[in-house]
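A short worksheet on the structure shown next.
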Amino acid sequence: MRSSDKTTLAGESVDRKRRVSAYETALAQFDAVADRLKLDENLSDLLRACKRELIVHFPVRMDDGRVQTFTGYRVQHNVARGPAKGGIRYHPAVDLEEVRALAMWMTWKCALVNIPFGGAKGGVTVNPAELSRGELERLTRRFATEVSLLVGPEADIPAPDMGTDAQVMAWVMDTLSMHQGYSMPGAVTGKPVPLGGTVGRAEATGKGVAIIAQAALEQAKKPIKGATVAIQGCGNVGYNAALAFQALGATVVALSDRSGGVYQPKGLDCVAVGDCKGETGRCVDYAKASVITNAELLQLPVDILVPAAMEGQITGSNARKIRAKLVVEGANGPTTPEADAILEKAGVTVVPDILANAGGVVVSYFEWVQDFNRYFWDLAEVNRNMEKVLRQAFAEVSATAKHEGTALRTAALMVAVGSVAEAMKLRGIYP
Ligand code: NAD
């Protein structure tokens, strides 16, 4: 094997096969739904492809004086319903296939929650933990410059994803604004609040995961109070989901990151686990719980399992070992189609990513609207409106699932793909 075939991220090896499968997963999900919706073959071919794909190779001056070449991507899958919207990921496994899959999922997610955006995604193949702050800033500013061909407040609006955060968005916004000659807060979302960010965005995705889990439990006539939860991933989504679950009275028994997990059957002090991760960079250094592997976390006897790390975590090999009866997808694409079929047969309810983690893009939309209006809402208004949008989408998906006799993922995709297909038909073919 060539050394470039495996990239190491803090001791974790990244398998190239898994990266290809994110796009295969996205296409398999789409094909199944296109058949059910009896989509016209030409339209279906168009929706299988991404509209624009930009690959950039760019230099960054490193602290030791070397000039290193990095590769980045910006892919717009579909813009029939509005400007493209989607995060920027910094991770060693980022490649064109992964970004295509994530862009396609963004199209469906925005359509499902009925916000006027298309779908996009971007990324740089890099381990941000290996860069100094200065290197990270120079990489971000150069990448933003390279993708400014596509990105802008009316065209394509980035946001944070794995490995990026509000500070990275501040640098993207500043870089695009410098080119323009005036401040363009609407060019990115997930920015710091003093730059035109919105209150509630940082926690929105995780909070939304807990709201959707609550809605799913209500439907099954089960209380969320006292429900046990295991969460894979302790980043923006996983950590904020943990806090939101606790606020709703659930007991978070396990949390993990790429170093492994911590398990406390009586319930974790999630803030203390987060503080520990902040200090040492690893959940497993938290002393008041047992250390478990990520594989063990997925198989814990809990009521709710939240994969909130990477795609391709629940597969044909481990799906039979899942003991939770409710899986709520915080991450994008954590369950493969093979695993979906196994879980459905076993009576496990899977709330799909495009519904479960949509709180982030919903509040990003609110941020964009506030930037354009130059008028900002308070936290209660942001949260109330997010919950309303998410609960409406959940109700529509569960009604469709009941009517069609399908799992929630198929139902969610039927609603979303149907809405994008309708927009495409209404716009017609140019010229
Ligand atoms: P993040 O970088 O803030 O956190 C990722 C976490 O996952 C970290 O704790 C990391 O250590 C852990 N991790 C990485 N690989 C792992 C592995 N193999 N096993 C266990 N843990 C692992 O990223 P994030 O923004 O929280 O994103 C997580 C997922 O949620 C991604 O799939 C992302 O696309 C999706 N998502 C994020 C948002 C958002 O608003 N940030 C919105 C929707 C969906």
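Residues in the structure tokens are numbered from 1 in each chain, the chains being A, B, ... in the order shown, and ligands are numbered from 1 in the order shown.
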
Note to self: DSSP on the backbone: which residues in stretch 186-404 of chain A end up as alpha helix (DSSP H)? Give the answer as a PyMOL selection string.
What the structure shows: chain A and resi 201-219+236-247+270-280+294-298+337-345+353-356+359-373+379-404

Could you turn the residues from that selection into a file that holds C-alpha atoms, as a CSV table (one decimal), in the first residue's frame?
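Output (again-v9.csv):
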```
chain,number,residue,atom,x,y,z
A,201,ARG,CA,-26.5,28.7,15.9
A,202,ALA,CA,-23.6,27.0,17.7
A,203,GLU,CA,-26.0,24.7,19.6
A,204,ALA,CA,-28.7,24.4,16.9
A,205,THR,CA,-27.7,21.1,15.3
A,206,GLY,CA,-27.3,19.2,18.6
A,207,LYS,CA,-30.5,20.8,20.1
A,208,GLY,CA,-32.4,19.8,17.0
A,209,VAL,CA,-31.3,16.2,17.4
A,210,ALA,CA,-32.7,16.1,20.9
A,211,ILE,CA,-36.0,17.8,19.8
A,212,ILE,CA,-36.4,15.3,17.0
A,213,ALA,CA,-35.7,12.4,19.3
A,214,GLN,CA,-38.3,13.8,21.7
A,215,ALA,CA,-40.8,14.0,18.8
A,216,ALA,CA,-40.1,10.3,17.9
A,217,LEU,CA,-40.5,9.2,21.5
A,218,GLU,CA,-43.8,11.1,21.8
A,219,GLN,CA,-45.1,9.3,18.8
A,236,ASN,CA,-20.3,20.5,17.9
A,237,VAL,CA,-23.2,18.2,17.2
A,238,GLY,CA,-22.5,15.4,19.8
A,239,TYR,CA,-21.7,17.6,22.7
A,240,ASN,CA,-24.6,20.0,22.2
A,241,ALA,CA,-26.9,17.1,21.7
A,242,ALA,CA,-25.7,15.7,25.0
A,243,LEU,CA,-26.5,19.0,26.8
A,244,ALA,CA,-29.9,19.2,25.1
A,245,PHE,CA,-30.8,15.6,26.0
A,246,GLN,CA,-29.9,16.3,29.6
A,247,ALA,CA,-32.0,19.5,29.6
A,270,CYS,CA,-21.4,15.9,30.2
A,271,VAL,CA,-20.0,19.3,31.0
A,272,ALA,CA,-17.2,17.7,32.9
A,273,VAL,CA,-16.5,15.3,30.0
A,274,GLY,CA,-16.5,18.3,27.6
A,275,ASP,CA,-14.1,20.2,30.0
A,276,CYS,CA,-11.8,17.2,30.1
A,277,LYS,CA,-11.8,17.1,26.3
A,278,GLY,CA,-11.1,20.8,26.1
A,279,GLU,CA,-8.1,20.3,28.4
A,280,THR,CA,-6.5,17.1,27.0
A,294,ASN,CA,-16.4,3.4,19.7
A,295,ALA,CA,-17.5,0.0,18.5
A,296,GLU,CA,-18.7,-0.9,22.0
A,297,LEU,CA,-20.5,2.5,22.4
A,298,LEU,CA,-22.7,1.7,19.3
A,337,PRO,CA,-28.3,1.1,3.1
A,338,GLU,CA,-27.4,-2.5,4.1
A,339,ALA,CA,-27.5,-1.5,7.8
A,340,ASP,CA,-30.8,0.3,7.2
A,341,ALA,CA,-32.4,-2.9,6.0
A,342,ILE,CA,-31.1,-4.9,9.0
A,343,LEU,CA,-32.3,-2.3,11.5
A,344,GLU,CA,-35.7,-2.0,9.9
A,345,LYS,CA,-36.2,-5.7,10.1
A,353,ASP,CA,-29.8,12.6,9.1
A,354,ILE,CA,-31.7,15.0,6.7
A,355,LEU,CA,-34.4,15.3,9.4
A,356,ALA,CA,-32.5,14.7,12.6
A,359,GLY,CA,-31.6,22.2,13.1
A,360,GLY,CA,-28.2,23.5,12.0
A,361,VAL,CA,-29.2,24.5,8.6
A,362,VAL,CA,-32.6,25.9,9.8
A,363,VAL,CA,-30.8,28.3,12.1
A,364,SER,CA,-28.2,29.1,9.4
A,365,TYR,CA,-31.2,30.1,7.3
A,366,PHE,CA,-32.5,32.3,10.2
A,367,GLU,CA,-28.9,33.8,10.4
A,368,TRP,CA,-28.9,34.6,6.7
A,369,VAL,CA,-32.4,36.2,6.9
A,370,GLN,CA,-31.3,38.3,9.9
A,371,ASP,CA,-28.1,39.4,8.0
A,372,PHE,CA,-30.2,40.6,5.0
A,373,ASN,CA,-32.7,42.4,7.2
A,379,LEU,CA,-32.6,33.3,21.5
A,380,ALA,CA,-36.1,32.5,22.5
A,381,GLU,CA,-37.3,33.5,19.0
A,382,VAL,CA,-34.6,31.5,17.3
A,383,ASN,CA,-35.3,28.4,19.3
A,384,ARG,CA,-39.1,28.6,19.1
A,385,ASN,CA,-38.9,29.0,15.3
A,386,MET,CA,-36.4,26.1,14.9
A,387,GLU,CA,-38.5,23.8,17.0
A,388,LYS,CA,-41.6,24.7,14.9
A,389,VAL,CA,-39.9,24.0,11.6
A,390,LEU,CA,-38.4,20.7,12.9
A,391,ARG,CA,-41.6,19.4,14.4
A,392,GLN,CA,-43.5,20.3,11.2
A,393,ALA,CA,-41.0,18.3,9.1
A,394,PHE,CA,-41.1,15.4,11.6
A,395,ALA,CA,-44.9,15.3,11.4
A,396,GLU,CA,-44.8,15.4,7.5
A,397,VAL,CA,-42.2,12.6,7.4
A,398,SER,CA,-44.0,10.4,9.9
A,399,ALA,CA,-47.4,10.9,8.1
A,400,THR,CA,-45.7,10.0,4.8
A,401,ALA,CA,-44.1,6.9,6.3
A,402,LYS,CA,-47.4,5.7,7.6
A,403,HIS,CA,-49.2,6.4,4.4
A,404,GLU,CA,-46.5,4.7,2.2
```

Item checked: Long-range neighbours of A:Asp31 as a list in words, 12 Å cut-off, only C-alpha atoms, 2 positions minimum in chain -> Glu24, Thr25, Ala26, Leu27, Ala28, Gln29, Val33, Ala34, Asp35, Arg36, Leu37, Lys38, Leu39, Asp40, Glu41, Leu43, Ser44, Asp45, Leu47, Arg48, Ala49, Pro337, Thr410, Leu413, Met414 and Val417 of chain A

Okay, now the selection with N, CA and C atoms, as an mmCIF file, in the first residue's frame?
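Output saved as part13.cif:
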```cif
data_model
loop_
_atom_site.group_PDB
_atom_site.id
_atom_site.type_symbol
_atom_site.label_atom_id
_atom_site.label_comp_id
_atom_site.auth_asym_id
_atom_site.auth_seq_id
_atom_site.Cartn_x
_atom_site.Cartn_y
_atom_site.Cartn_z
ATOM 1 N N GLU A 24 -21.786 6.355 -2.648
ATOM 2 C CA GLU A 24 -22.586 5.183 -3.048
ATOM 3 C C GLU A 24 -23.860 5.124 -2.219
ATOM 4 N N THR A 25 -23.728 5.399 -0.935
ATOM 5 C CA THR A 25 -24.888 5.414 -0.047
ATOM 6 C C THR A 25 -25.896 6.458 -0.519
ATOM 7 N N ALA A 26 -25.419 7.662 -0.804
ATOM 8 C CA ALA A 26 -26.322 8.742 -1.231
ATOM 9 C C ALA A 26 -27.037 8.360 -2.532
ATOM 10 N N LEU A 27 -26.296 7.772 -3.476
ATOM 11 C CA LEU A 27 -26.919 7.393 -4.754
ATOM 12 C C LEU A 27 -27.919 6.252 -4.574
ATOM 13 N N ALA A 28 -27.558 5.261 -3.734
ATOM 14 C CA ALA A 28 -28.476 4.133 -3.513
ATOM 15 C C ALA A 28 -29.768 4.625 -2.872
ATOM 16 N N GLN A 29 -29.643 5.544 -1.911
ATOM 17 C CA GLN A 29 -30.843 6.096 -1.259
ATOM 18 C C GLN A 29 -31.703 6.830 -2.289
ATOM 19 N N VAL A 33 -35.685 5.913 -3.942
ATOM 20 C CA VAL A 33 -36.800 6.839 -3.849
ATOM 21 C C VAL A 33 -37.270 7.303 -5.230
ATOM 22 N N ALA A 34 -36.315 7.475 -6.151
ATOM 23 C CA ALA A 34 -36.689 7.889 -7.525
ATOM 24 C C ALA A 34 -37.632 6.846 -8.127
ATOM 25 N N ASP A 35 -37.364 5.573 -7.870
ATOM 26 C CA ASP A 35 -38.241 4.506 -8.353
ATOM 27 C C ASP A 35 -39.636 4.637 -7.754
ATOM 28 N N ARG A 36 -39.665 4.806 -6.425
ATOM 29 C CA ARG A 36 -40.972 4.916 -5.747
ATOM 30 C C ARG A 36 -41.772 6.106 -6.250
ATOM 31 N N LEU A 37 -41.059 7.239 -6.515
ATOM 32 C CA LEU A 37 -41.753 8.451 -6.971
ATOM 33 C C LEU A 37 -42.050 8.403 -8.463
ATOM 34 N N LYS A 38 -41.543 7.337 -9.111
ATOM 35 C CA LYS A 38 -41.691 7.186 -10.572
ATOM 36 C C LYS A 38 -41.191 8.444 -11.294
ATOM 37 N N LEU A 39 -40.010 8.904 -10.876
ATOM 38 C CA LEU A 39 -39.427 10.101 -11.499
ATOM 39 C C LEU A 39 -39.087 9.831 -12.945
ATOM 40 N N ASP A 40 -39.306 10.800 -13.778
ATOM 41 C CA ASP A 40 -38.906 10.747 -15.170
ATOM 42 C C ASP A 40 -37.393 10.429 -15.230
ATOM 43 N N GLU A 41 -36.999 9.552 -16.152
ATOM 44 C CA GLU A 41 -35.605 9.077 -16.192
ATOM 45 C C GLU A 41 -34.603 10.205 -16.416
ATOM 46 N N LEU A 43 -34.945 13.398 -15.598
ATOM 47 C CA LEU A 43 -34.852 14.204 -14.382
ATOM 48 C C LEU A 43 -34.033 13.461 -13.332
ATOM 49 N N SER A 44 -34.260 12.168 -13.266
ATOM 50 C CA SER A 44 -33.539 11.350 -12.302
ATOM 51 C C SER A 44 -32.033 11.365 -12.594
ATOM 52 N N ASP A 45 -31.654 11.296 -13.882
ATOM 53 C CA ASP A 45 -30.233 11.372 -14.252
ATOM 54 C C ASP A 45 -29.628 12.702 -13.812
ATOM 55 N N LEU A 47 -30.679 14.674 -11.356
ATOM 56 C CA LEU A 47 -30.594 14.781 -9.898
ATOM 57 C C LEU A 47 -29.527 13.864 -9.296
ATOM 58 N N ARG A 48 -29.130 12.837 -10.039
ATOM 59 C CA ARG A 48 -28.056 11.952 -9.557
ATOM 60 C C ARG A 48 -26.699 12.660 -9.645
ATOM 61 N N ALA A 49 -26.616 13.657 -10.557
ATOM 62 C CA ALA A 49 -25.327 14.322 -10.790
ATOM 63 C C ALA A 49 -25.253 15.630 -10.007
ATOM 64 N N PRO A 337 -26.981 1.673 3.533
ATOM 65 C CA PRO A 337 -28.262 1.071 3.138
ATOM 66 C C PRO A 337 -28.398 -0.369 3.637
ATOM 67 N N THR A 410 -36.902 6.608 3.948
ATOM 68 C CA THR A 410 -37.531 6.600 2.624
ATOM 69 C C THR A 410 -38.578 7.698 2.550
ATOM 70 N N LEU A 413 -36.940 11.139 2.269
ATOM 71 C CA LEU A 413 -36.399 11.353 0.922
ATOM 72 C C LEU A 413 -37.515 11.526 -0.099
ATOM 73 N N MET A 414 -38.625 10.833 0.106
ATOM 74 C CA MET A 414 -39.747 11.009 -0.830
ATOM 75 C C MET A 414 -40.252 12.452 -0.782
ATOM 76 N N VAL A 417 -37.083 14.751 -2.208
ATOM 77 C CA VAL A 417 -36.802 14.595 -3.645
ATOM 78 C C VAL A 417 -38.015 15.056 -4.447
#
```

Check: So which residues are near ligand 1, meaning at most 6 Å away with only C-alpha atoms and all ligand atoms counted, given back as a PyMOL selection string?
Finding: chain A and resi 160-163+205+232-238+256-258+294+308-311+330-332+357+360

Checklist line | Close residues, stretch 187-198 of chain A itself excluded, 6 Å, only C-alpha atoms, min 6 positions apart in chain, as a list in words | finding: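 Skipping anything fewer than 6 positions along the chain leaves Gly152, Pro153, Ile157, Pro158, Ala159, Ala166, Met169, Ala170, Ser364 and Glu367 of chain A.
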
Excluding stretch 123-127 of chain A and any residue of its chain fewer than 6 positions from it, enumerate the residues within 9 Å of it, using only C-alpha atoms, and give them as an mmCIF file with N, CA, C and O atoms, in the first residue's frame.
```
data_model
loop_
_atom_site.group_PDB
_atom_site.id
_atom_site.type_symbol
_atom_site.label_atom_id
_atom_site.label_comp_id
_atom_site.auth_asym_id
_atom_site.auth_seq_id
_atom_site.Cartn_x
_atom_site.Cartn_y
_atom_site.Cartn_z
ATOM 1 N N THR A 8 -3.331 9.209 8.695
ATOM 2 C CA THR A 8 -3.556 8.999 10.109
ATOM 3 C C THR A 8 -4.023 10.278 10.770
ATOM 4 O O THR A 8 -3.459 11.335 10.557
ATOM 5 N N LEU A 9 -5.095 10.195 11.532
ATOM 6 C CA LEU A 9 -5.615 11.349 12.245
ATOM 7 C C LEU A 9 -5.615 10.990 13.723
ATOM 8 O O LEU A 9 -6.433 10.218 14.183
ATOM 9 N N ALA A 10 -4.663 11.551 14.451
ATOM 10 C CA ALA A 10 -4.528 11.273 15.883
ATOM 11 C C ALA A 10 -4.641 9.771 16.159
ATOM 12 O O ALA A 10 -5.392 9.340 17.014
ATOM 13 N N PHE A 70 -2.221 22.129 -0.826
ATOM 14 C CA PHE A 70 -3.424 21.459 -0.308
ATOM 15 C C PHE A 70 -4.453 21.327 -1.432
ATOM 16 O O PHE A 70 -4.410 22.080 -2.408
ATOM 17 N N THR A 71 -5.377 20.377 -1.248
ATOM 18 C CA THR A 71 -6.457 20.182 -2.213
ATOM 19 C C THR A 71 -7.790 20.459 -1.513
ATOM 20 O O THR A 71 -8.011 19.991 -0.395
ATOM 21 N N GLY A 72 -8.648 21.229 -2.184
ATOM 22 C CA GLY A 72 -9.962 21.540 -1.616
ATOM 23 C C GLY A 72 -11.040 21.403 -2.675
ATOM 24 O O GLY A 72 -10.753 21.281 -3.879
ATOM 25 N N TYR A 73 -12.286 21.419 -2.213
ATOM 26 C CA TYR A 73 -13.440 21.182 -3.106
ATOM 27 C C TYR A 73 -14.586 22.104 -2.725
ATOM 28 O O TYR A 73 -14.762 22.426 -1.553
ATOM 29 N N ARG A 74 -15.366 22.508 -3.722
ATOM 30 C CA ARG A 74 -16.689 23.068 -3.467
ATOM 31 C C ARG A 74 -17.601 22.468 -4.524
ATOM 32 O O ARG A 74 -17.358 22.616 -5.725
ATOM 33 N N GLY A 87 -21.874 23.145 4.412
ATOM 34 C CA GLY A 87 -20.712 23.396 5.254
ATOM 35 C C GLY A 87 -19.375 23.215 4.548
ATOM 36 O O GLY A 87 -19.298 22.795 3.393
ATOM 37 N N ILE A 88 -18.332 23.565 5.295
ATOM 38 C CA ILE A 88 -16.955 23.333 4.859
ATOM 39 C C ILE A 88 -16.322 22.387 5.881
ATOM 40 O O ILE A 88 -16.364 22.659 7.092
ATOM 41 N N ARG A 89 -15.761 21.284 5.387
ATOM 42 C CA ARG A 89 -15.159 20.276 6.253
ATOM 43 C C ARG A 89 -13.643 20.272 6.104
ATOM 44 O O ARG A 89 -13.149 20.314 4.971
ATOM 45 N N TYR A 90 -12.933 20.246 7.230
ATOM 46 C CA TYR A 90 -11.476 20.038 7.203
ATOM 47 C C TYR A 90 -11.213 18.668 7.830
ATOM 48 O O TYR A 90 -11.414 18.477 9.038
ATOM 49 N N HIS A 91 -10.761 17.722 7.030
ATOM 50 C CA HIS A 91 -10.518 16.361 7.539
ATOM 51 C C HIS A 91 -9.623 15.649 6.533
ATOM 52 O O HIS A 91 -9.740 15.890 5.314
ATOM 53 N N PRO A 92 -8.753 14.743 6.999
ATOM 54 C CA PRO A 92 -7.849 14.055 6.062
ATOM 55 C C PRO A 92 -8.579 13.166 5.060
ATOM 56 O O PRO A 92 -8.019 12.834 4.007
ATOM 57 N N ALA A 93 -9.831 12.752 5.382
ATOM 58 C CA ALA A 93 -10.546 11.838 4.479
ATOM 59 C C ALA A 93 -11.357 12.562 3.408
ATOM 60 O O ALA A 93 -12.003 11.916 2.590
ATOM 61 N N VAL A 94 -11.329 13.902 3.429
ATOM 62 C CA VAL A 94 -12.142 14.646 2.448
ATOM 63 C C VAL A 94 -11.667 14.334 1.028
ATOM 64 O O VAL A 94 -10.481 14.407 0.729
ATOM 65 N N ASP A 95 -12.584 13.945 0.160
ATOM 66 C CA ASP A 95 -12.289 13.809 -1.270
ATOM 67 C C ASP A 95 -13.554 14.163 -2.058
ATOM 68 O O ASP A 95 -14.611 14.444 -1.471
ATOM 69 N N LEU A 96 -13.438 14.139 -3.384
ATOM 70 C CA LEU A 96 -14.558 14.591 -4.219
ATOM 71 C C LEU A 96 -15.818 13.767 -3.971
ATOM 72 O O LEU A 96 -16.925 14.316 -3.879
ATOM 73 N N VAL A 99 -17.530 14.798 -0.738
ATOM 74 C CA VAL A 99 -18.142 16.126 -0.828
ATOM 75 C C VAL A 99 -19.399 16.072 -1.696
ATOM 76 O O VAL A 99 -20.407 16.722 -1.398
ATOM 77 N N PHE A 143 -8.155 29.178 0.690
ATOM 78 C CA PHE A 143 -9.245 28.321 0.202
ATOM 79 C C PHE A 143 -10.482 29.171 -0.125
ATOM 80 O O PHE A 143 -11.117 28.999 -1.165
ATOM 81 N N ASP A 161 -18.605 22.719 9.445
ATOM 82 C CA ASP A 161 -18.851 21.278 9.478
ATOM 83 C C ASP A 161 -17.665 20.685 10.250
ATOM 84 O O ASP A 161 -16.947 21.419 10.948
ATOM 85 N N GLY A 163 -14.354 19.815 11.764
ATOM 86 C CA GLY A 163 -13.025 20.410 11.694
ATOM 87 C C GLY A 163 -13.019 21.910 11.454
ATOM 88 O O GLY A 163 -11.950 22.519 11.404
#
```

Notebook entry, point to check: Tell me, which residues of stretch 25-240 of chain A carry DSSP strand (DSSP E), written as a PyMOL selection string?
Noted result: chain A and resi 52-61+67-78+84-91+118-125+156-160+228-232

Margin query: One number please: atom CA of A:Lys325 to atom CA of A:Val348, in Å, one decimal.
Written below: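 Between atom CA of A:Lys325 and atom CA of A:Val348 the gap is 4.6 Å.
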
Checklist line | Coordinates-based distance that separates atom CA of A:Glu154 from atom CA of A:Phe30 (Å, one decimal) | finding: 27.3 Å
